[in-house]
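> Input structure: data_10.csv, which contains CSV, C-alpha atoms.
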chain,number,residue,atom,x,y,z
A,419,MET,CA,18.5,5.3,-11.6
A,420,MET,CA,18.3,4.3,-7.9
A,421,ARG,CA,14.6,3.7,-8.3
A,422,ASN,CA,15.2,1.3,-11.2
A,423,LEU,CA,17.9,-0.5,-9.2
A,424,ARG,CA,15.5,-1.0,-6.3
A,425,ARG,CA,12.8,-2.3,-8.7
A,426,ALA,CA,15.3,-4.8,-10.2
A,427,VAL,CA,16.4,-6.0,-6.7
A,428,ARG,CA,12.7,-6.5,-5.6
A,429,ARG,CA,12.0,-8.6,-8.8
A,430,SER,CA,15.1,-10.7,-8.2
A,431,TYR,CA,14.0,-11.6,-4.6
A,432,ARG,CA,10.3,-12.0,-5.4
A,433,ARG,CA,8.9,-15.4,-4.4
A,434,THR,CA,8.0,-17.6,-7.4
A,435,VAL,CA,5.6,-20.5,-7.5
A,436,ASP,CA,7.0,-23.8,-8.7
A,437,LEU,CA,4.5,-25.0,-11.2
A,438,SER,CA,6.1,-28.5,-11.2
A,439,HIS,CA,5.0,-29.1,-7.6
A,440,PRO,CA,3.8,-32.7,-7.3
A,441,VAL,CA,0.4,-31.8,-6.0
A,442,ARG,CA,-1.1,-29.1,-8.2
A,443,SER,CA,-4.8,-29.3,-8.7
A,444,PRO,CA,-6.4,-29.3,-12.1
A,445,LEU,CA,-7.9,-26.0,-13.4
A,446,GLY,CA,-11.3,-25.3,-12.0
A,447,SER,CA,-10.8,-27.0,-8.7
A,448,ALA,CA,-10.8,-25.0,-5.5
A,449,VAL,CA,-8.3,-27.5,-3.8
A,450,VAL,CA,-4.8,-26.3,-4.6
A,451,ASN,CA,-3.0,-28.8,-2.4
A,452,CYS,CA,-3.7,-31.6,0.0
A,453,ALA,CA,-0.9,-33.5,1.7
A,454,VAL,CA,-0.3,-35.6,4.8
A,455,TYR,CA,2.7,-35.0,7.1
A,456,VAL,CA,4.1,-37.3,9.7
A,457,ASP,CA,6.7,-36.0,12.1
A,458,GLY,CA,7.4,-33.2,9.6
A,459,VAL,CA,7.8,-35.4,6.6
A,460,ARG,CA,5.5,-35.2,3.7
A,461,GLN,CA,4.0,-38.5,2.7
A,462,LYS,CA,4.4,-39.3,-1.0
A,463,GLU,CA,1.0,-40.9,-1.5
A,464,ASP,CA,-1.5,-38.3,-2.4
A,465,CYS,CA,-5.2,-38.8,-1.6
A,466,PRO,CA,-8.5,-37.0,-1.2
A,467,ALA,CA,-9.3,-35.1,1.9
A,468,GLU,CA,-11.5,-37.9,3.4
A,469,GLU,CA,-8.7,-40.5,3.0
A,470,ALA,CA,-6.1,-38.1,4.3
A,471,LEU,CA,-8.0,-37.4,7.4
A,472,ARG,CA,-8.6,-41.1,8.1
A,473,ARG,CA,-4.9,-41.8,7.6
A,474,VAL,CA,-3.9,-39.0,9.9
A,475,ARG,CA,-6.2,-40.1,12.7
A,476,ARG,CA,-5.1,-43.7,12.3
A,477,LEU,CA,-1.4,-42.7,12.7
A,478,GLY,CA,-2.2,-40.5,15.7
A,479,GLU,CA,0.2,-38.0,17.3
A,480,GLY,CA,2.7,-36.3,15.0
A,481,ALA,CA,0.5,-36.6,11.9
A,482,PHE,CA,-1.7,-33.9,10.3
A,483,VAL,CA,-3.1,-33.0,7.0
A,484,TRP,CA,-2.7,-29.6,5.3
A,485,ILE,CA,-5.3,-28.6,2.7
A,486,GLY,CA,-5.0,-25.5,0.6
A,487,LEU,CA,-8.0,-23.9,-1.2
A,488,GLN,CA,-8.3,-21.0,-3.6
A,489,GLU,CA,-11.6,-19.0,-3.5
A,490,PRO,CA,-13.9,-21.9,-2.9
A,491,THR,CA,-17.6,-21.6,-3.3
A,492,GLN,CA,-20.1,-22.6,-0.7
A,493,ASP,CA,-20.8,-25.9,-2.3
A,494,GLU,CA,-17.1,-26.7,-2.8
A,495,PHE,CA,-16.4,-26.0,0.9
A,496,ALA,CA,-19.5,-27.7,2.3
A,497,GLY,CA,-18.0,-31.2,2.2
A,498,LEU,CA,-14.7,-30.1,3.9
A,499,ALA,CA,-16.6,-28.2,6.5
A,500,GLU,CA,-18.7,-31.2,7.4
A,501,LEU,CA,-15.7,-33.6,7.3
A,502,PHE,CA,-13.6,-31.5,9.7
A,503,GLY,CA,-16.5,-30.2,11.8
A,504,LEU,CA,-15.9,-26.5,11.1
A,505,HIS,CA,-18.2,-23.9,12.6
A,506,ARG,CA,-20.9,-22.5,10.3
A,507,LEU,CA,-20.0,-18.9,11.0
A,508,ALA,CA,-16.3,-19.5,10.3
A,509,VAL,CA,-17.2,-21.3,7.0
A,510,GLU,CA,-19.4,-18.4,6.0
A,511,ASP,CA,-16.5,-15.9,6.7
A,512,ALA,CA,-14.1,-18.0,4.7
A,513,VAL,CA,-16.3,-18.3,1.7
A,514,ILE,CA,-17.6,-14.7,1.5
A,515,ALA,CA,-14.3,-13.1,2.6
A,516,HIS,CA,-14.0,-9.3,3.1
A,517,GLN,CA,-13.2,-9.8,6.8
A,518,ARG,CA,-11.1,-7.9,9.3
A,519,PRO,CA,-7.9,-9.7,10.5
A,520,LYS,CA,-8.9,-11.7,13.6
A,521,VAL,CA,-8.4,-14.9,15.6
A,522,VAL,CA,-11.5,-16.6,16.8
A,523,PRO,CA,-11.6,-20.0,18.6
A,524,TYR,CA,-14.5,-22.4,17.9
A,525,ASP,CA,-14.4,-25.4,20.3
A,526,ASP,CA,-11.1,-27.2,19.4
A,527,THR,CA,-10.6,-25.3,16.1
A,528,LEU,CA,-8.9,-21.9,15.7
A,529,PHE,CA,-10.1,-19.6,12.8
A,530,SER,CA,-7.6,-16.9,11.7
A,531,VAL,CA,-8.0,-14.2,9.1
A,532,PHE,CA,-5.1,-12.3,7.6
A,533,LYS,CA,-5.0,-9.6,5.0
A,534,THR,CA,-2.4,-10.2,2.3
A,535,CYS,CA,-0.7,-7.3,0.5
A,536,ARG,CA,1.3,-7.0,-2.7
A,537,TYR,CA,3.2,-4.0,-4.2
A,538,VAL,CA,2.0,-3.2,-7.7
A,539,GLU,CA,4.9,-2.3,-9.9
A,540,HIS,CA,4.5,0.9,-12.0
A,541,GLU,CA,6.9,3.0,-14.1
A,542,GLU,CA,5.8,6.3,-12.6
A,543,LEU,CA,3.4,7.2,-9.8
A,544,THR,CA,0.3,9.1,-11.1
A,545,ALA,CA,-2.9,10.3,-9.5
A,546,THR,CA,-4.6,7.0,-10.5
A,547,SER,CA,-1.7,4.5,-9.9
A,548,GLU,CA,-2.5,1.4,-8.0
A,549,VAL,CA,0.3,0.8,-5.4
A,550,VAL,CA,-1.1,-1.7,-3.0
A,551,ASP,CA,-3.2,-4.8,-3.9
A,552,THR,CA,-4.8,-6.6,-1.0
A,553,GLY,CA,-6.3,-10.1,-0.6
A,554,GLU,CA,-7.3,-12.4,2.2
A,555,LEU,CA,-6.0,-15.6,3.7
A,556,MET,CA,-8.0,-17.7,6.2
A,557,VAL,CA,-6.6,-20.5,8.3
A,558,PHE,CA,-8.5,-23.2,10.1
A,559,THR,CA,-6.2,-24.8,12.7
A,560,GLY,CA,-7.1,-28.0,14.5
A,561,THR,CA,-5.2,-30.7,16.4
A,562,ASP,CA,-4.5,-32.7,13.3
A,563,PHE,CA,-5.4,-30.5,10.3
A,564,VAL,CA,-4.7,-27.1,8.7
A,565,ILE,CA,-7.0,-25.7,6.1
A,566,THR,CA,-5.9,-22.5,4.3
A,567,VAL,CA,-8.3,-20.5,2.1
A,568,ARG,CA,-6.9,-17.9,-0.1
A,569,HIS,CA,-8.8,-15.0,-1.8
A,570,GLY,CA,-7.1,-12.8,-4.4
A,571,CYS,CA,-4.6,-13.3,-7.2
A,572,HIS,CA,-1.5,-13.1,-5.0
A,573,GLY,CA,-0.2,-14.5,-1.7
A,574,SER,CA,0.4,-18.0,-2.9
A,575,LEU,CA,1.4,-20.4,-0.1
A,576,GLY,CA,3.1,-22.9,-2.5
A,577,PRO,CA,6.6,-21.5,-1.9
A,578,LEU,CA,5.9,-21.4,1.9
A,579,ARG,CA,4.8,-25.0,1.9
A,580,GLU,CA,7.9,-26.1,0.0
A,581,GLU,CA,10.1,-24.1,2.4
A,582,LEU,CA,8.5,-25.7,5.4
A,583,GLU,CA,8.9,-29.2,3.9
A,584,ARG,CA,12.7,-28.6,3.9
A,585,GLU,CA,12.6,-27.7,7.6
A,586,ARG,CA,11.3,-31.0,9.1
A,587,GLU,CA,12.0,-30.1,12.7
A,588,ARG,CA,9.9,-27.0,12.4
A,589,LEU,CA,7.1,-28.7,10.5
A,590,ALA,CA,7.1,-31.6,13.1
A,591,LYS,CA,5.5,-29.2,15.6
A,592,GLY,CA,2.2,-29.6,13.8
A,593,PRO,CA,-0.6,-27.3,12.7
A,594,SER,CA,0.4,-24.5,15.0
A,595,ALA,CA,3.8,-24.3,13.3
A,596,VAL,CA,2.0,-23.9,10.0
A,597,LEU,CA,-0.1,-21.1,11.4
A,598,HIS,CA,3.0,-19.4,12.7
A,599,ALA,CA,4.7,-19.7,9.3
A,600,VAL,CA,1.6,-18.3,7.5
A,601,ALA,CA,1.5,-15.3,9.9
A,602,ASP,CA,5.2,-14.7,9.5
A,603,HIS,CA,4.9,-15.0,5.7
A,604,VAL,CA,2.1,-12.4,5.6
A,605,VAL,CA,3.9,-9.9,7.9
A,606,ASP,CA,7.1,-10.3,5.9
A,607,ASP,CA,5.1,-9.3,2.8
A,608,TYR,CA,4.0,-6.2,4.7
A,609,LEU,CA,7.6,-5.2,5.2
A,610,ALA,CA,8.4,-5.9,1.5
A,611,VAL,CA,5.5,-3.6,0.5
A,612,ILE,CA,6.7,-0.8,2.9
A,613,GLU,CA,10.2,-1.1,1.5
A,614,ALA,CA,8.9,-0.9,-2.1
A,615,MET,CA,6.8,2.2,-1.3
A,616,GLN,CA,9.9,4.0,-0.2
A,617,SER,CA,10.7,4.6,-3.9
A,618,ASP,CA,7.3,6.3,-4.4
A,619,MET,CA,7.9,8.4,-1.2
A,620,ASP,CA,11.3,9.5,-2.5
A,621,ALA,CA,9.9,10.3,-6.0
A,622,VAL,CA,7.0,12.4,-4.6
A,623,GLU,CA,9.3,14.2,-2.1
A,624,THR,CA,11.8,15.0,-4.9
A,625,ALA,CA,9.1,16.2,-7.3
A,626,VAL,CA,7.6,18.6,-4.7
A,627,PHE,CA,10.8,20.2,-3.7
A,628,ALA,CA,12.2,20.4,-7.3
A,629,GLU,CA,12.7,23.9,-8.7
A,630,ASN,CA,10.2,23.2,-11.5
A,631,ALA,CA,7.7,21.5,-9.3
A,632,GLY,CA,4.2,21.3,-10.9
A,633,ARG,CA,1.0,22.1,-9.2
A,634,GLY,CA,-0.5,18.7,-10.2
A,635,ASP,CA,1.6,16.9,-7.6
A,636,ALA,CA,-1.2,17.0,-5.0
A,637,GLY,CA,-3.1,14.3,-6.9
A,638,ARG,CA,-0.1,11.9,-6.6
A,639,ILE,CA,0.3,12.7,-2.9
A,640,TYR,CA,-3.4,12.0,-2.2
A,641,GLN,CA,-3.2,8.8,-4.2
A,642,LEU,CA,-0.2,7.6,-2.3
A,643,LYS,CA,-2.0,8.4,1.0
A,644,ARG,CA,-5.0,6.4,-0.1
A,645,GLU,CA,-2.8,3.4,-1.0
A,646,LEU,CA,-1.0,3.8,2.4
A,647,LEU,CA,-4.4,3.8,4.1
A,648,GLU,CA,-5.3,0.6,2.4
A,649,LEU,CA,-2.1,-1.0,3.7
A,650,LYS,CA,-2.9,0.4,7.2
A,651,ARG,CA,-6.3,-1.2,7.2
A,652,ALA,CA,-4.7,-4.6,6.5
A,653,VAL,CA,-1.9,-4.2,9.1
A,654,ALA,CA,-3.3,-2.3,12.1
A,655,PRO,CA,-6.2,-4.7,13.1
A,656,LEU,CA,-3.7,-7.7,13.1
A,657,ALA,CA,-1.9,-6.5,16.2
A,658,ARG,CA,-4.4,-7.7,18.7
A,659,PRO,CA,-4.8,-11.2,17.2
A,660,LEU,CA,-1.1,-11.7,17.1
A,661,GLN,CA,-0.7,-10.6,20.7
A,662,ARG,CA,-3.4,-13.1,21.6
A,663,LEU,CA,-1.6,-15.9,19.9
A,664,ALA,CA,1.7,-14.9,21.6
A,665,GLY,CA,0.4,-14.5,25.1
A,666,GLU,CA,-2.8,-16.4,25.6
A,667,GLU,CA,-3.8,-20.0,25.6
A,668,VAL,CA,-5.8,-20.7,22.5
A,669,PRO,CA,-7.0,-24.0,21.0
A,670,ALA,CA,-4.7,-26.0,18.7
A,671,ILE,CA,-1.7,-23.8,19.5
A,672,ASP,CA,1.4,-25.7,20.9
A,673,PRO,CA,2.8,-23.9,23.9
A,674,GLU,CA,6.3,-24.4,22.4
A,675,VAL,CA,5.2,-22.4,19.3
A,676,ARG,CA,3.6,-19.6,21.1
A,677,PRO,CA,6.8,-17.6,21.8
A,678,TYR,CA,7.5,-17.5,18.1
A,679,PHE,CA,4.5,-15.4,17.5
A,680,ARG,CA,6.1,-12.7,19.6
A,681,ASP,CA,8.7,-12.3,16.9
A,682,VAL,CA,6.0,-11.9,14.3
A,683,THR,CA,4.3,-9.3,16.6
A,684,ASP,CA,7.6,-7.3,16.7
A,685,HIS,CA,7.8,-7.3,12.9
A,686,LEU,CA,4.2,-6.2,12.7
A,687,LEU,CA,5.0,-3.4,15.2
A,688,ARG,CA,7.9,-2.3,13.0
A,689,THR,CA,5.6,-2.2,10.0
A,690,THR,CA,2.9,-0.2,11.9
A,691,GLU,CA,5.5,2.3,13.0
A,692,GLN,CA,6.8,2.7,9.4
A,693,ILE,CA,3.3,3.3,8.1
A,694,ALA,CA,2.8,6.0,10.7
A,695,ALA,CA,6.1,7.6,9.7
A,696,PHE,CA,5.1,7.5,6.0
A,697,ASP,CA,1.7,9.0,6.8
A,698,GLY,CA,3.3,11.8,8.8
A,699,LEU,CA,5.8,12.4,6.1
A,700,LEU,CA,3.1,12.6,3.4
A,701,ASP,CA,1.2,15.1,5.5
A,702,SER,CA,4.3,17.2,5.7
A,703,ILE,CA,5.0,16.9,2.0
A,704,LEU,CA,1.4,17.8,1.2
A,705,GLN,CA,1.6,20.9,3.5
A,706,ALA,CA,4.8,21.9,1.8
A,707,HIS,CA,3.3,21.5,-1.6
A,708,LEU,CA,0.2,23.6,-0.7
A,709,ALA,CA,2.5,26.2,0.8
A,710,GLN,CA,4.5,26.3,-2.5
A,711,VAL,CA,1.3,26.6,-4.5
A,712,THR,CA,0.2,29.6,-2.2
A,713,VAL,CA,3.6,31.2,-2.7
A,714,ALA,CA,3.4,30.7,-6.4
A,715,GLN,CA,-0.1,32.2,-6.5
A,716,ASN,CA,1.1,35.2,-4.5
A,717,GLU,CA,4.0,35.8,-6.9
A,718,ASP,CA,1.6,35.6,-9.8
A,719,MET,CA,-0.7,38.1,-8.1
A,720,ARG,CA,2.2,40.5,-7.4
A,721,LYS,CA,3.3,40.4,-11.1
A,722,ILE,CA,-0.3,41.0,-12.3
A,723,THR,CA,-0.6,43.9,-9.8
A,724,ALA,CA,2.7,45.4,-10.9
A,725,TRP,CA,1.8,45.3,-14.6
A,726,ALA,CA,-1.6,46.7,-13.9
A,727,ALA,CA,0.1,49.7,-12.1
A,728,ILE,CA,2.4,50.2,-15.0
A,729,VAL,CA,-0.5,50.2,-17.5
A,730,ALA,CA,-2.5,52.5,-15.3
A,731,VAL,CA,-0.1,55.5,-16.1
A,732,PRO,CA,-0.7,55.6,-19.8
A,733,THR,CA,-4.3,54.7,-19.3
A,734,MET,CA,-4.7,57.8,-17.0
A,735,VAL,CA,-2.9,60.1,-19.4
A,736,CYS,CA,-4.8,58.9,-22.4
A,737,GLY,CA,-8.1,59.2,-20.4
A,738,ILE,CA,-7.4,62.8,-19.5
A,739,TYR,CA,-6.6,63.9,-23.0
A,740,GLY,CA,-9.5,62.0,-24.4
A,741,MET,CA,-12.0,64.2,-22.5
A,742,ASN,CA,-12.4,66.6,-25.5
A,743,PHE,CA,-12.4,69.9,-23.5
A,744,GLU,CA,-11.4,73.1,-25.3
A,745,ASN,CA,-9.0,74.6,-22.8
A,746,MET,CA,-6.5,71.8,-21.9
A,747,PRO,CA,-2.8,72.3,-21.3
A,748,GLU,CA,-0.6,71.8,-24.4
A,749,LEU,CA,-3.6,70.7,-26.4
A,750,HIS,CA,-2.8,72.9,-29.4
A,751,TRP,CA,1.0,72.7,-29.0
A,752,ARG,CA,2.9,71.3,-31.9
A,753,TYR,CA,5.0,68.9,-29.8
A,754,GLY,CA,2.3,68.1,-27.2
A,755,TYR,CA,1.7,64.6,-28.6
A,756,PHE,CA,5.3,63.6,-28.4
A,757,MET,CA,5.6,65.1,-25.0
A,758,ALA,CA,2.7,63.0,-23.7
A,759,LEU,CA,4.2,59.8,-25.2
A,760,GLY,CA,7.6,60.6,-23.6
A,761,LEU,CA,5.9,61.3,-20.3
A,762,MET,CA,4.1,57.9,-20.4
A,763,ALA,CA,7.3,56.1,-21.4
A,764,VAL,CA,9.4,57.7,-18.6
A,765,ALA,CA,6.7,57.0,-16.0
A,766,CYS,CA,6.3,53.4,-17.0
A,767,PHE,CA,10.1,52.8,-17.1
A,768,THR,CA,10.4,54.3,-13.6
A,769,ILE,CA,7.6,52.3,-12.1
A,770,HIS,CA,8.9,49.1,-13.8
A,771,ARG,CA,12.4,49.7,-12.4
A,772,GLY,CA,11.0,50.2,-8.9
A,773,PHE,CA,9.0,46.9,-9.1
A,774,ARG,CA,12.1,45.0,-10.4
A,775,ARG,CA,14.2,46.4,-7.6
A,776,ASN,CA,11.6,45.2,-5.0
A,777,GLY,CA,11.3,41.7,-6.6
A,778,TRP,CA,7.8,42.1,-7.9
A,779,LEU,CA,8.9,41.5,-11.5
Could I get this structure in the form of C-alpha cells?

Amino acid sequence: MMRNLRRAVRRSYRRTVDLSHPVRSPLGSAVVNCAVYVDGVRQKEDCPAEEALRRVRRLGEGAFVWIGLQEPTQDEFAGLAELFGLHRLAVEDAVIAHQRPKVVPYDDTLFSVFKTCRYVEHEELTATSEVVDTGELMVFTGTDFVITVRHGCHGSLGPLREELERERERLAKGPSAVLHAVADHVVDDYLAVIEAMQSDMDAVETAVFAENAGRGDAGRIYQLKRELLELKRAVAPLARPLQRLAGEEVPAIDPEVRPYFRDVTDHLLRTTEQIAAFDGLLDSILQAHLAQVTVAQNEDMRKITAWAAIVAVPTMVCGIYGMNFENMPELHWRYGYFMALGLMAVACFTIHRGFRRNGWL
C-alpha cells in the first residue's frame, strides 16, 4: 500500500509539458524553441535563429537568444554552428551524443554535457525490469546566446523555460543563469530518481527477509544493482565539472551566478552519497540472500541425510536376509518374517525420533 501511495505522489508532482506553449516547432523539425530575452523578459515576436541573433546583438547588453533542439542531425546543426561560431569538436559531440558529463571552454563559448535520468514506473520489480532511463543534454553558453541540445525521450526543458520566464530577475542574469537552471534541473531529477528507487529497495529487502523468501530474488537484486550503476555513471562524473563552474573562472559565466553552482554541487553530493548507501545496502542484501540460500541448502541436505539413514536400516536387514544362506538365524522360524518387520519398524521409529529431536527433520 505504501508503495502505491509513493507512486501516486510521484505522478502528481511529475513535470508536464504544456503543449500549448506559443513556440512549439512543427513535427520533424529539430528546433523545439527559439526565443529572444531582453532583461529577463521574453519578446513576443518569434523569428528564425539568424534574425534572433541580429536582434540580440543590435540590442546589446541584457539581451540573449535561447534555442532548444531535439536530437538534431549534422546537417540540421551545421547552420547554427556556423552562425554562432561553435567549435567543430563540440558540435560533433552534441550531434553524436554518448558523452561523459563535462564542461569544456572553447574560446568565448562554454560547452557543457549533462546526463539526464528518469525513473521508469513498473508494477513489480523483476529480473528484467528497467528502472532508470538515461539521456543526454548539451548546453552551448555564450555571452549572448544559449543553445540546448537534448537526446532521449525525456528531460524536456519546456517546463523549465516557462518557470524561468516567470522569474525575470533570475533570467535577467543572462545565459549563465540558464546554464545554472539546467544544471539544477538535471540534479533535481537525480534526487527524484533516488527517492523513487527507495520503493524498489524496500520491496527487495522485504522479500529477502520474508519467511517464504524465494531463491529467485538474486536476479532482482542484480538487476537493481545494474540500474543503480547506470545512475551512478550519470551522476559521479558530473562532480568535477560542477566544482569547476562553482570555483573557477570560465567563459560566459557571470561571477554573480557562480556561487549558485555550489548549491547544485551540494545536491549532487547528496545524490552521490545516497547512491553509495544504496549500493552498500544492496551488497548487504545480496550477501544475506546468499547466506539464506546456503542455510536452506544445508537444511535440505540434513533432511536428505536423515531419511537416507532411516531407509538404511530396513535396507541392511533386507540385504542380510536376502543372501540365501542355509544356516541363518530365525530363517525357518514361523514368526521370523514378522519379527524382522517389527525390528525394522522399531529401528526406523527410533532413528526418526532422534533426528526430530535434534532438528534434522
> May I have a table of the residues of segment 533-649 of chain A lying at most 10 Å from segment 481-497 of chain A, giving each one's closest pair of atoms and their distance in Å to one decimal, counting all atoms listed in the file, ordered by chain and ascending residue number, as a Markdown table?

| residue | atom | partner | partner_atom | distance |
| --- | --- | --- | --- | --- |
| A:Glu554 | CA | A:Glu489 | CA | 9.7 |
| A:Leu555 | CA | A:Gln488 | CA | 9.4 |
| A:Met556 | CA | A:Leu487 | CA | 9.7 |
| A:Val557 | CA | A:Gly486 | CA | 9.3 |
| A:Phe558 | CA | A:Ile485 | CA | 9.7 |
| A:Thr559 | CA | A:Trp484 | CA | 9.5 |
| A:Gly560 | CA | A:Phe482 | CA | 9.0 |
| A:Thr561 | CA | A:Phe482 | CA | 7.7 |
| A:Asp562 | CA | A:Phe482 | CA | 4.3 |
| A:Phe563 | CA | A:Val483 | CA | 4.7 |
| A:Val564 | CA | A:Trp484 | CA | 4.7 |
| A:Ile565 | CA | A:Ile485 | CA | 4.8 |
| A:Thr566 | CA | A:Gly486 | CA | 4.8 |
| A:Val567 | CA | A:Leu487 | CA | 4.7 |
| A:Arg568 | CA | A:Gln488 | CA | 4.9 |
| A:His569 | CA | A:Glu489 | CA | 5.2 |
| A:Gly570 | CA | A:Glu489 | CA | 7.7 |
| A:Cys571 | CA | A:Gln488 | CA | 9.3 |
| A:Ser574 | CA | A:Gln488 | CA | 9.2 |
| A:Leu575 | CA | A:Gly486 | CA | 8.2 |
| A:Gly576 | CA | A:Gly486 | CA | 9.1 |
| A:Arg579 | CA | A:Trp484 | CA | 9.4 |
| A:Ala590 | CA | A:Ala481 | CA | 8.4 |
| A:Lys591 | CA | A:Ala481 | CA | 9.7 |
| A:Gly592 | CA | A:Phe482 | CA | 6.8 |
| A:Pro593 | CA | A:Phe482 | CA | 7.1 |
| A:Val596 | CA | A:Trp484 | CA | 8.8 |
> Would you pick out the contacts of Ala595 of chain A at 10 Å or less, using only C-alpha atoms, so that residues sharing its chain but fewer than 6 positions from it are not included, and give the list as a ChimeraX atom specification?
/A:582,588-589,601,671-672,674-676,678-679
> My list of candidates is A:Ser702, A:Thr768, A:Asn451, A:Thr544. Which is closest to Asp635 of chain A when distances are computed with all atoms listed in the file?
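Of A:Ser702, A:Thr768, A:Asn451, A:Thr544, the one nearest Asp635 of chain A, counting all atoms listed in the file, is A:Thr544.
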